[in-house]
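*Asks:* Sharing structure-v5.cif below, mmCIF, C-alpha atoms:
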```
data_upload
loop_
_atom_site.label_atom_id
_atom_site.label_comp_id
_atom_site.auth_asym_id
_atom_site.auth_seq_id
_atom_site.Cartn_x
_atom_site.Cartn_y
_atom_site.Cartn_z
CA MET A 1 -17.00 -9.92 23.05
CA VAL A 2 -15.98 -13.02 25.03
CA ASN A 3 -19.17 -14.62 23.83
CA LEU A 4 -18.31 -13.76 20.26
CA ILE A 5 -14.88 -15.36 20.55
CA ALA A 6 -16.37 -18.43 22.22
CA THR A 7 -18.86 -19.04 19.43
CA GLN A 8 -16.88 -17.82 16.43
CA TRP A 9 -13.33 -18.88 17.20
CA HIS A 10 -13.31 -21.51 14.49
CA PRO A 11 -14.06 -19.30 11.44
CA LEU A 12 -11.81 -16.60 12.87
CA LEU A 13 -8.92 -19.01 13.26
CA THR A 14 -9.35 -20.46 9.75
CA GLY A 15 -9.45 -16.91 8.48
CA LEU A 16 -6.23 -16.05 10.27
CA LEU A 17 -4.53 -19.19 8.94
CA ASN A 18 -5.68 -18.42 5.39
CA THR A 19 -4.39 -14.86 5.71
CA ILE A 20 -1.00 -16.11 6.92
CA LEU A 21 -0.83 -18.84 4.28
CA CYS A 22 -1.73 -16.45 1.46
CA SER A 23 0.80 -13.87 2.71
CA ILE A 24 3.62 -16.39 2.91
CA ILE A 25 2.94 -17.85 -0.55
CA ALA A 26 2.71 -14.35 -2.00
CA LEU A 27 5.91 -13.30 -0.21
CA VAL A 28 7.94 -16.21 -1.59
CA GLY A 29 6.44 -15.81 -5.06
CA SER A 30 6.92 -12.07 -5.19
CA MET A 31 10.50 -12.30 -3.87
CA ILE A 32 11.38 -14.61 -6.77
CA ILE A 33 9.54 -12.63 -9.45
CA GLY A 34 10.60 -9.30 -7.94
CA THR A 35 14.30 -10.24 -7.89
CA LEU A 36 14.10 -11.44 -11.50
CA PHE A 37 12.59 -8.16 -12.64
CA ALA A 38 15.09 -6.17 -10.56
CA LEU A 39 17.86 -8.01 -12.43
CA LEU A 40 16.13 -7.22 -15.74
CA GLU A 41 15.95 -3.56 -14.76
CA ILE A 42 19.69 -3.30 -14.18
CA SER A 43 20.74 -5.54 -17.06
CA GLU A 44 23.04 -4.23 -19.79
CA ASN A 45 20.55 -5.16 -22.51
CA ARG A 46 18.26 -2.28 -23.37
CA VAL A 47 15.27 -4.46 -24.37
CA LEU A 48 15.40 -6.39 -21.08
CA ARG A 49 15.65 -3.12 -19.17
CA VAL A 50 12.56 -1.75 -20.88
CA ILE A 51 10.62 -4.97 -20.20
CA GLY A 52 11.54 -4.82 -16.52
CA ARG A 53 10.61 -1.15 -16.29
CA ILE A 54 7.21 -1.65 -17.96
CA TYR A 55 6.33 -4.60 -15.71
CA VAL A 56 7.19 -2.68 -12.57
CA GLU A 57 5.41 0.54 -13.58
CA VAL A 58 2.27 -1.30 -14.71
CA PHE A 59 1.82 -3.33 -11.56
CA ARG A 60 2.78 -0.47 -9.27
CA ASN A 61 0.28 1.97 -10.71
CA ILE A 62 -2.84 -0.18 -10.86
CA PRO A 63 -4.89 -0.88 -7.71
CA LEU A 64 -4.48 -4.31 -6.18
CA LEU A 65 -8.25 -4.73 -6.23
CA VAL A 66 -8.36 -4.25 -10.02
CA ILE A 67 -5.58 -6.81 -10.53
CA THR A 68 -7.19 -9.35 -8.19
CA MET A 69 -10.69 -8.96 -9.61
CA ALA A 70 -9.32 -9.24 -13.14
CA PHE A 71 -7.71 -12.60 -12.31
CA PHE A 72 -10.78 -13.74 -10.44
CA LEU A 73 -13.14 -12.99 -13.33
CA ILE A 74 -11.04 -13.48 -16.45
CA ILE A 75 -9.05 -16.67 -15.76
CA PRO A 76 -12.18 -18.83 -15.24
CA MET A 77 -13.57 -17.56 -18.56
CA TYR A 78 -10.68 -18.82 -20.66
CA ILE A 79 -8.20 -20.93 -18.76
CA ALA A 80 -9.34 -22.83 -15.69
CA LYS A 81 -11.72 -22.67 -12.79
CA ILE A 82 -9.95 -21.11 -9.82
CA ASN A 83 -11.22 -20.19 -6.41
CA GLY A 84 -11.02 -16.82 -4.75
CA PHE A 85 -8.04 -17.78 -2.63
CA THR A 86 -5.93 -18.71 -5.67
CA ALA A 87 -6.98 -15.66 -7.67
CA GLY A 88 -6.30 -13.43 -4.69
CA THR A 89 -2.90 -14.93 -4.04
CA ILE A 90 -1.88 -14.58 -7.69
CA GLY A 91 -3.01 -10.96 -7.73
CA LEU A 92 -1.22 -10.23 -4.48
CA THR A 93 1.98 -11.90 -5.70
CA LEU A 94 2.16 -9.94 -8.95
CA TYR A 95 1.26 -6.63 -7.27
CA THR A 96 3.85 -7.07 -4.51
CA SER A 97 6.53 -8.32 -6.90
CA ALA A 98 6.62 -4.88 -8.54
CA PHE A 99 7.36 -3.23 -5.18
CA ILE A 100 9.93 -5.88 -4.29
CA ALA A 101 11.62 -5.36 -7.67
CA GLU A 102 11.99 -1.67 -6.83
CA THR A 103 13.32 -2.44 -3.35
CA VAL A 104 15.84 -5.01 -4.59
CA ARG A 105 16.94 -2.72 -7.42
CA ALA A 106 17.59 0.08 -4.93
CA GLY A 107 19.50 -2.42 -2.79
CA ILE A 108 21.69 -3.53 -5.70
CA ASN A 109 22.33 0.08 -6.69
CA SER A 110 23.42 0.86 -3.13
CA ILE A 111 26.25 -1.66 -3.47
CA GLU A 112 29.35 0.18 -4.55
CA GLY A 113 30.37 -0.29 -8.21
CA GLY A 114 33.87 -1.36 -7.20
CA GLN A 115 32.42 -4.60 -5.84
CA LEU A 116 31.24 -5.66 -9.28
CA GLU A 117 34.47 -4.55 -10.94
CA GLY A 118 36.51 -6.38 -8.33
CA ALA A 119 34.52 -9.55 -8.81
CA LEU A 120 34.82 -9.34 -12.60
CA SER A 121 38.55 -8.66 -12.44
CA THR A 122 39.12 -11.76 -10.30
CA GLY A 123 37.73 -13.76 -13.21
CA MET A 124 34.08 -14.17 -12.23
CA THR A 125 31.42 -13.94 -14.91
CA TYR A 126 28.67 -11.32 -14.59
CA HIS A 127 26.24 -13.96 -13.32
CA GLN A 128 28.69 -15.27 -10.75
CA ALA A 129 29.47 -11.76 -9.56
CA MET A 130 25.75 -11.02 -9.16
CA ARG A 131 25.05 -14.29 -7.41
CA TYR A 132 27.99 -14.51 -5.03
CA ILE A 133 29.02 -10.88 -4.48
CA ILE A 134 26.29 -8.35 -5.22
CA LEU A 135 22.99 -10.05 -4.36
CA PRO A 136 24.03 -11.36 -0.91
CA GLN A 137 25.10 -7.85 0.09
CA ALA A 138 22.04 -6.26 -1.49
CA PHE A 139 19.68 -8.57 0.39
CA ARG A 140 21.19 -7.54 3.71
CA VAL A 141 20.51 -3.88 2.89
CA VAL A 142 16.95 -4.55 1.81
CA ILE A 143 15.87 -6.68 4.78
CA PRO A 144 14.08 -3.81 6.61
CA PRO A 145 12.22 -2.56 3.51
CA LEU A 146 11.36 -6.15 2.59
CA GLY A 147 9.97 -6.64 6.08
CA ASN A 148 7.81 -3.57 5.57
CA GLN A 149 6.64 -5.03 2.26
CA PHE A 150 5.64 -8.18 4.12
CA ILE A 151 3.60 -6.11 6.58
CA ASN A 152 1.90 -4.44 3.64
CA LEU A 153 1.32 -7.85 2.15
CA VAL A 154 -0.49 -9.08 5.27
CA LYS A 155 -2.63 -5.95 5.29
CA ASN A 156 -3.27 -6.09 1.55
CA SER A 157 -4.30 -9.74 1.76
CA SER A 158 -7.61 -8.38 3.09
CA VAL A 159 -8.43 -7.82 -0.58
CA LEU A 160 -9.25 -11.55 -0.63
CA ALA A 161 -12.49 -10.57 1.08
CA PHE A 162 -13.68 -9.21 -2.28
CA VAL A 163 -13.21 -12.54 -4.06
CA ALA A 164 -14.48 -14.88 -1.32
CA GLY A 165 -10.96 -15.95 -0.38
CA PHE A 166 -11.97 -16.97 3.17
CA ASP A 167 -9.26 -14.83 4.73
CA LEU A 168 -9.55 -13.11 8.10
CA MET A 169 -11.31 -10.03 6.72
CA TYR A 170 -13.85 -12.14 4.82
CA GLN A 171 -14.66 -14.27 7.86
CA GLY A 172 -14.85 -11.21 10.07
CA ASN A 173 -17.28 -9.58 7.69
CA LEU A 174 -19.46 -12.69 7.57
CA ILE A 175 -19.54 -12.83 11.36
CA ALA A 176 -20.36 -9.12 11.58
CA ASN A 177 -23.26 -9.62 9.18
CA ASP A 178 -24.54 -12.73 10.98
CA THR A 179 -24.33 -11.50 14.54
CA LEU A 180 -24.84 -7.78 13.82
CA GLN A 181 -22.18 -7.16 16.47
CA THR A 182 -20.08 -5.13 14.08
CA ILE A 183 -17.86 -3.21 16.47
CA PRO A 184 -16.79 -6.17 18.66
CA THR A 185 -16.16 -8.28 15.55
CA TYR A 186 -14.03 -5.67 13.82
CA PHE A 187 -12.22 -5.13 17.10
CA ILE A 188 -11.30 -8.83 17.34
CA VAL A 189 -10.32 -8.96 13.66
CA GLY A 190 -8.19 -5.86 14.13
CA ILE A 191 -6.37 -7.39 17.07
CA MET A 192 -5.72 -10.55 15.07
CA TYR A 193 -4.13 -8.51 12.28
CA LEU A 194 -2.08 -6.57 14.81
CA ILE A 195 -0.76 -9.80 16.34
CA ILE A 196 1.03 -10.40 13.02
CA THR A 197 1.88 -6.89 11.88
CA LEU A 198 2.69 -4.90 15.03
CA PRO A 199 5.61 -7.03 16.35
CA LEU A 200 7.05 -7.24 12.82
CA SER A 201 6.79 -3.51 12.41
CA TYR A 202 8.62 -2.83 15.71
CA TYR A 203 11.26 -5.41 14.84
CA MET A 204 11.86 -3.80 11.44
CA ARG A 205 12.23 -0.38 13.06
CA HIS A 206 14.77 -1.89 15.45
CA LEU A 207 16.66 -3.47 12.52
CA GLU A 208 16.64 -0.19 10.60
CA LYS A 209 18.20 1.59 13.56
CA LYS A 210 20.81 -1.13 13.96
CA LEU A 211 21.79 -1.07 10.29
CA ALA A 212 21.80 2.71 9.99
CA MET B 1 -13.04 -6.93 -30.92
CA GLN B 2 -16.72 -6.14 -31.29
CA ASN B 3 -16.98 -6.44 -27.49
CA PHE B 4 -14.47 -3.65 -27.11
CA ILE B 5 -16.29 -1.38 -29.56
CA ASP B 6 -19.62 -1.99 -27.83
CA ALA B 7 -18.17 -1.66 -24.35
CA TYR B 8 -16.56 1.70 -25.10
CA SER B 9 -19.79 3.38 -26.11
CA TRP B 10 -19.98 7.05 -25.18
CA ILE B 11 -22.48 6.32 -22.39
CA ASN B 12 -20.16 3.79 -20.76
CA ILE B 13 -17.08 5.97 -21.13
CA ARG B 14 -18.93 8.91 -19.64
CA PHE B 15 -20.08 6.71 -16.75
CA LEU B 16 -16.48 5.59 -16.13
CA LEU B 17 -15.23 9.16 -16.23
CA GLN B 18 -17.89 10.18 -13.70
CA GLY B 19 -16.50 7.43 -11.49
CA LEU B 20 -12.97 8.64 -12.07
CA TRP B 21 -14.04 12.12 -11.03
CA VAL B 22 -15.38 10.79 -7.71
CA THR B 23 -12.12 8.86 -7.24
CA ILE B 24 -10.17 12.08 -7.75
CA GLU B 25 -12.45 14.11 -5.46
CA ILE B 26 -12.18 11.58 -2.63
CA SER B 27 -8.42 11.31 -3.14
CA VAL B 28 -7.84 15.06 -3.10
CA ALA B 29 -10.00 15.55 0.00
CA SER B 30 -8.21 12.72 1.82
CA ILE B 31 -4.78 13.91 0.70
CA VAL B 32 -5.40 17.42 2.01
CA ILE B 33 -6.83 16.24 5.34
CA SER B 34 -4.21 13.56 5.92
CA PHE B 35 -1.36 15.90 4.99
CA ILE B 36 -2.43 18.45 7.60
CA VAL B 37 -3.39 15.99 10.34
CA GLY B 38 -0.47 13.70 9.58
CA THR B 39 2.07 16.54 9.76
CA LEU B 40 0.70 17.70 13.10
CA LEU B 41 0.73 14.16 14.50
CA GLY B 42 4.22 13.57 13.16
CA ILE B 43 5.47 16.73 14.91
CA VAL B 44 3.73 15.75 18.16
CA ARG B 45 5.35 12.35 18.00
CA TYR B 46 8.77 13.81 17.24
CA GLU B 47 8.66 16.46 19.96
CA GLN B 48 8.74 13.97 22.88
CA ILE B 49 5.98 15.67 24.86
CA LYS B 50 5.56 13.71 28.07
CA TYR B 51 2.90 10.94 27.77
CA VAL B 52 1.21 12.65 24.79
CA SER B 53 3.86 11.64 22.25
CA ALA B 54 3.93 8.06 23.49
CA ILE B 55 0.16 7.71 23.30
CA VAL B 56 -0.09 9.39 19.89
CA GLY B 57 2.77 7.19 18.66
CA PHE B 58 1.07 4.03 19.84
CA ILE B 59 -2.23 4.96 18.17
CA ILE B 60 -0.38 5.78 14.94
CA ASP B 61 1.37 2.40 15.04
CA ILE B 62 -1.90 0.59 15.55
CA ILE B 63 -3.67 2.34 12.68
CA ARG B 64 -0.71 1.88 10.33
CA ASN B 65 -0.66 -1.83 10.96
CA LEU B 66 -4.35 -2.45 10.28
CA PRO B 67 -5.74 -3.11 6.80
CA LEU B 68 -7.44 -0.05 5.33
CA LEU B 69 -10.37 -2.27 4.41
CA LEU B 70 -11.00 -2.94 8.10
CA ILE B 71 -11.04 0.79 8.82
CA ILE B 72 -13.50 1.34 5.96
CA PHE B 73 -15.76 -1.39 7.33
CA PHE B 74 -15.47 0.08 10.78
CA THR B 75 -16.45 3.60 9.79
CA TYR B 76 -19.36 2.57 7.60
CA PHE B 77 -20.77 -0.53 9.31
CA GLY B 78 -19.36 -0.18 12.82
CA LEU B 79 -20.01 3.45 13.74
CA PRO B 80 -23.82 3.24 13.17
CA ASN B 81 -23.89 0.78 16.09
CA ILE B 82 -22.82 3.54 18.44
CA GLY B 83 -25.19 6.08 16.97
CA ILE B 84 -22.97 7.78 14.37
CA LYS B 85 -24.25 7.16 10.87
CA PRO B 86 -22.04 8.80 8.25
CA GLU B 87 -23.14 9.02 4.61
CA ILE B 88 -21.11 7.03 2.07
CA ILE B 89 -18.85 9.83 0.87
CA PRO B 90 -17.99 11.27 4.32
CA ALA B 91 -17.45 7.71 5.58
CA ALA B 92 -15.02 6.99 2.74
CA ILE B 93 -13.14 10.25 3.26
CA MET B 94 -13.05 9.64 7.02
CA ALA B 95 -11.67 6.12 6.66
CA MET B 96 -9.05 7.14 4.09
CA SER B 97 -8.00 10.17 6.15
CA ILE B 98 -7.64 8.22 9.40
CA PHE B 99 -5.44 5.61 7.74
CA GLU B 100 -3.38 7.98 5.59
CA SER B 101 -2.84 10.48 8.43
CA ALA B 102 -1.12 7.74 10.38
CA MET B 103 1.02 6.86 7.36
CA VAL B 104 1.91 10.54 6.76
CA ALA B 105 2.71 11.05 10.45
CA GLU B 106 5.30 8.29 10.27
CA ILE B 107 6.83 9.76 7.10
CA VAL B 108 6.97 13.23 8.70
CA ARG B 109 8.56 11.90 11.87
CA SER B 110 11.31 10.05 10.00
CA GLY B 111 11.72 13.06 7.70
CA ILE B 112 12.36 15.35 10.68
CA ASN B 113 14.60 12.72 12.25
CA SER B 114 16.72 12.66 9.10
CA ILE B 115 17.70 16.31 9.65
CA ASP B 116 20.92 16.71 11.58
CA LYS B 117 20.36 17.67 15.25
CA GLY B 118 22.95 20.46 14.80
CA GLN B 119 20.41 22.37 12.71
CA THR B 120 18.01 22.67 15.64
CA GLU B 121 20.82 23.41 18.07
CA GLY B 122 22.18 26.11 15.78
CA ALA B 123 18.76 27.68 15.39
CA LEU B 124 18.17 27.64 19.15
CA ALA B 125 21.59 29.14 19.76
CA ASN B 126 20.66 31.97 17.41
CA GLY B 127 17.72 32.83 19.61
CA LEU B 128 14.90 31.15 17.73
CA THR B 129 12.20 29.50 19.82
CA ARG B 130 11.73 25.75 19.52
CA TRP B 131 8.64 26.21 17.36
CA GLN B 132 10.41 28.74 15.11
CA ALA B 133 13.39 26.42 14.73
CA LEU B 134 11.09 23.61 13.67
CA ARG B 135 8.98 25.72 11.31
CA ILE B 136 11.67 27.85 9.69
CA ILE B 137 14.77 25.67 9.77
CA VAL B 138 13.94 22.00 10.17
CA LEU B 139 10.60 21.46 8.39
CA PRO B 140 11.55 23.05 5.04
CA GLN B 141 14.60 20.79 4.84
CA ALA B 142 12.64 17.77 6.03
CA ILE B 143 9.92 18.28 3.41
CA LYS B 144 12.54 17.96 0.70
CA ASN B 145 13.57 14.56 2.07
CA MET B 146 9.98 13.50 2.58
CA THR B 147 8.63 14.30 -0.89
CA PRO B 148 9.31 10.92 -2.55
CA ALA B 149 7.79 8.94 0.32
CA LEU B 150 4.82 11.30 0.58
CA VAL B 151 4.04 11.13 -3.11
CA SER B 152 4.22 7.35 -3.22
CA GLN B 153 1.92 7.31 -0.19
CA PHE B 154 -0.54 9.51 -2.08
CA ILE B 155 -0.32 7.24 -5.11
CA SER B 156 -1.27 4.35 -2.82
CA LEU B 157 -4.13 6.46 -1.55
CA VAL B 158 -5.51 6.95 -5.06
CA LYS B 159 -5.27 3.22 -5.69
CA ASP B 160 -6.79 2.39 -2.32
CA THR B 161 -9.93 4.44 -2.98
CA SER B 162 -10.98 1.44 -5.09
CA LEU B 163 -11.47 -0.48 -1.83
CA ALA B 164 -14.39 1.82 -1.02
CA THR B 165 -16.47 0.01 -3.68
CA ILE B 166 -17.36 -2.27 -0.79
CA ILE B 167 -19.44 0.51 0.76
CA VAL B 168 -20.87 1.34 -2.71
CA LEU B 169 -18.93 4.56 -3.08
CA PRO B 170 -19.71 5.52 -6.70
CA GLU B 171 -16.04 5.69 -7.79
CA LEU B 172 -14.27 4.32 -10.85
CA MET B 173 -14.08 0.66 -9.82
CA TYR B 174 -17.71 0.59 -8.76
CA HIS B 175 -18.91 2.14 -12.00
CA ALA B 176 -16.92 -0.40 -13.99
CA GLN B 177 -18.49 -3.19 -11.96
CA ILE B 178 -21.94 -1.86 -12.78
CA ILE B 179 -21.13 -1.86 -16.50
CA TYR B 180 -19.71 -5.38 -16.66
CA GLY B 181 -22.42 -6.59 -14.30
CA GLN B 182 -24.95 -5.89 -17.03
CA ASN B 183 -23.03 -7.68 -19.77
CA THR B 184 -20.29 -10.20 -19.05
CA ASN B 185 -18.80 -9.62 -22.52
CA TYR B 186 -17.65 -6.28 -21.17
CA ILE B 187 -15.50 -7.74 -18.39
CA ILE B 188 -12.20 -7.64 -20.29
CA PRO B 189 -12.78 -4.23 -21.93
CA MET B 190 -13.72 -2.79 -18.54
CA PHE B 191 -10.60 -4.12 -16.82
CA VAL B 192 -8.47 -2.75 -19.64
CA ALA B 193 -10.16 0.62 -19.18
CA LEU B 194 -9.69 0.49 -15.39
CA ALA B 195 -6.02 -0.38 -15.77
CA VAL B 196 -5.46 2.44 -18.26
CA LEU B 197 -7.34 5.09 -16.26
CA TYR B 198 -5.74 4.25 -12.91
CA PHE B 199 -2.35 4.00 -14.60
CA ILE B 200 -2.68 7.45 -16.16
CA VAL B 201 -3.61 9.08 -12.84
CA CYS B 202 -0.99 7.28 -10.73
CA TYR B 203 1.83 7.45 -13.26
CA SER B 204 1.39 11.17 -13.80
CA LEU B 205 1.56 11.60 -10.03
CA SER B 206 4.86 9.72 -9.95
CA LEU B 207 6.22 11.81 -12.84
CA LEU B 208 5.23 14.90 -10.86
CA ALA B 209 7.11 13.46 -7.89
CA ASP B 210 10.25 12.99 -9.99
CA TYR B 211 9.95 16.55 -11.26
CA LEU B 212 9.49 17.98 -7.78
CA HIS B 213 12.33 15.89 -6.45
CA ARG B 214 14.71 17.16 -9.12
CA HIS B 215 13.70 20.79 -8.71
CA LEU B 216 13.60 20.88 -4.93
CA ALA B 217 16.91 19.11 -4.51
#
```
Could you render the structure from this file as structure tokens?
*Replies:*
Amino acid sequence: MVNLIATQWHPLLTGLLNTILCSIIALVGSMIIGTLFALLEISENRVLRVIGRIYVEVFRNIPLLVITMAFFLIIPMYIAKINGFTAGTIGLTLYTSAFIAETVRAGINSIEGGQLEGALSTGMTYHQAMRYIILPQAFRVVIPPLGNQFINLVKNSSVLAFVAGFDLMYQGNLIANDTLQTIPTYFIVGIMYLIITLPLSYYMRHLEKKLA
Amino acid sequence: MQNFIDAYSWINIRFLLQGLWVTIEISVASIVISFIVGTLLGIVRYEQIKYVSAIVGFIIDIIRNLPLLLIIFFTYFGLPNIGIKPEIIPAAIMAMSIFESAMVAEIVRSGINSIDKGQTEGALANGLTRWQALRIIVLPQAIKNMTPALVSQFISLVKDTSLATIIVLPELMYHAQIIYGQNTNYIIPMFVALAVLYFIVCYSLSLLADYLHRHLA
């Protein structure tokens, strides 16, 4: 196994960096899109509510692999040439945004109604009340579930291996095929994933306990 | 439009439905196994048995924090290196069950934790054994709290079976790939079909969850 690390550290490290990069881009993207759709879902306008609901249900109930492969195969046919990394990151962003929308919506709903009324009665508009009163409180409530979403995101980014996205899983699989040392390779890859996800997961559990 | 009409020929639809059937079979098998194993592991972890709970908990945490794809690779391509060579379907069920059991164990543990300690104390004070208290008093209440999380875990499981295409499990995604592999005009119709079929299965599961949640609560 030491031998394997000595000879293959470079592809493994690029893989890890690509996995982290893709996860961070997808996290930022899906936070923005997810929050927007959460706001749509709780809006007073019925049409907007239905749009938000449909978006969330569609992306939540279709496998990530289907979404990613669809982007990977269909966008190059009509719009532009994109590589596996881009297609994978787009797929991951849209998929995760549906889950984040649900999380943020639950967070907003957990904020007592009096907060909104109070803000409105002091002369704030609906948008101001959302922006300065409700959302900041909601985000504090949803930090642990959002952290868990990020862990899922890192794990789900392994779907990039299907579209040649050069992430950790893809590199690991290449190495396993080249060297035929499958078990040691998967072991190293597993440890590299755990370096990111395990500390986060313990930290989120700690946060949950503190907030509860 | 013509592409859609050609793509949805009876032969192709039947082929997709055969794939869907395998998806459902694998999902049901993995759900049953992971529910049983996961519940047992969750109880072991909750019960604070010396050393055992800590070790089980650590293994659960490790499995939960690995990508399922890695576990699939490991069972199908890794195990043969140490002399175990599972067939495709058992390998897929094994990989799904290992991963989902760990997820279920965590849900069960936090479900039991959510029940007030007074319930156990009361049961013990009434002369029930620890096991009886857990089985008769705590678990039935915990299951009610756990249902939403469990069902969304099982919805993920159904979606995640698509990852097993990588070990050529003949499920829905793989069958669709075979069809559009023969004719690239069928790519869009096939992805529409995939989206619709997966959506129907997963959305009906989540409706079932809502129904159960309303009627149990």
*Asks:* Counting all atoms listed in the file, which residues of segment 7-65 of chain A fall within 10 Å of segment 158-164 of chain A, and what is the closest atom pair for each with its distance in Å at one decimal, ordered by chain and rising number, as CSV?
*Replies:*
```
residue,atom,partner,partner_atom,distance
A:Asn18,CA,A:Leu160,CA,9.8
A:Thr19,CA,A:Ser158,CA,7.7
A:Cys22,CA,A:Leu160,CA,9.2
A:Leu64,CA,A:Val159,CA,7.7
A:Leu65,CA,A:Val159,CA,6.4
```
*Asks:* Quick one: distance from atom CA of Thr182 of chain A to atom CA of Phe58 of chain B in Å, one decimal?
*Replies:*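 These two atoms are separated by 23.8 Å.
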*Asks:* Give as a ChimeraX atom specification the residues that the PyMOL selection byres ((chain A) within 10 of (chain B)) matches when applied to the coordinates above.
*Replies:* /A:57-67,69-70,73-74,77,151-159,161-162,169,172-173,176-177,180-187,189-202
*Asks:* Rounded to one decimal, what separation in Å do you get between atom CA of Met96 of chain B and atom CA of Phe99 of chain A?
*Replies:*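 Interatomic distance here is 21.5 Å.
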*Asks:* Residues within 12 Å of (3.3, 18.1, 22.6), file coordinates, counting only C-alpha atoms: what are they? Give the list as number ranges by chain.
*Replies:* B: 40-57, 130-131
*Asks:* Here's the selection I'm unsure about, the PyMOL selection byres ((chain A and resi 35) around 12); applied to the file above, which residues does it give, as a PyMOL selection string?
*Replies:* chain A and resi 27-34+36-42+52+56+96-108+130-131+135+138-139+142+146
*Asks:* Have a look at atom CA of Ala95 of chain B and atom CA of Ile26 of chain B and let me know their distance in Å, one decimal.
*Replies:*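 Between these atoms lies a distance of 10.8 Å.
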*Asks:* Considering only C-alpha atoms, return as a PyMOL selection string whatever protein or nucleic-acid residues lie within 12 Å of Leu128 of chain B, sequence-local ones (same chain, fewer than 6 positions apart) excluded.
*Replies:* chain B and resi 119-122+134-138
*Asks:* Apply the PyMOL selection byres ((chain B and resi 144) around 10) to the displayed file and report the matching residues as a count of residues only.
*Replies:* 15
*Asks:* May I have the residues within 12 Å of Pro170 of chain B as a PyMOL selection string, using only C-alpha atoms and disregarding those fewer than 2 positions away in the same chain?
*Replies:* chain B and resi 15-26+88-89+92+161-168+172-178
*Asks:* Padding 8 Å on every side, please: axis-aligned box over the listed atoms of segment 27-32 of chain A, centre and edge lengths to one decimal in Å, as JSON.
*Replies:*
```
{"center_x": 8.6, "center_y": -14.1, "center_z": -3.5, "size_x": 21.5, "size_y": 20.1, "size_z": 22.6}
```
*Asks:* Tell me, as a ChimeraX atom specification, which residues lie within 12 Å of Trp9 of chain A, counting all atoms listed in the file; anything in the same chain fewer than 3 positions away does not count.
*Replies:* /A:1-6,12-16,168,171-172,175,185,188-189,192
*Asks:* Could you give me, as a list in words, the residues within 9 Å of Asn185 of chain B, counting all atoms listed in the file and dropping anything in the same chain fewer than 3 positions from it?
*Replies:*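 Once the adjacent positions are removed, what remains is Asn3, Phe4, Ala7, Tyr180, Ile188 and Pro189 of chain B.
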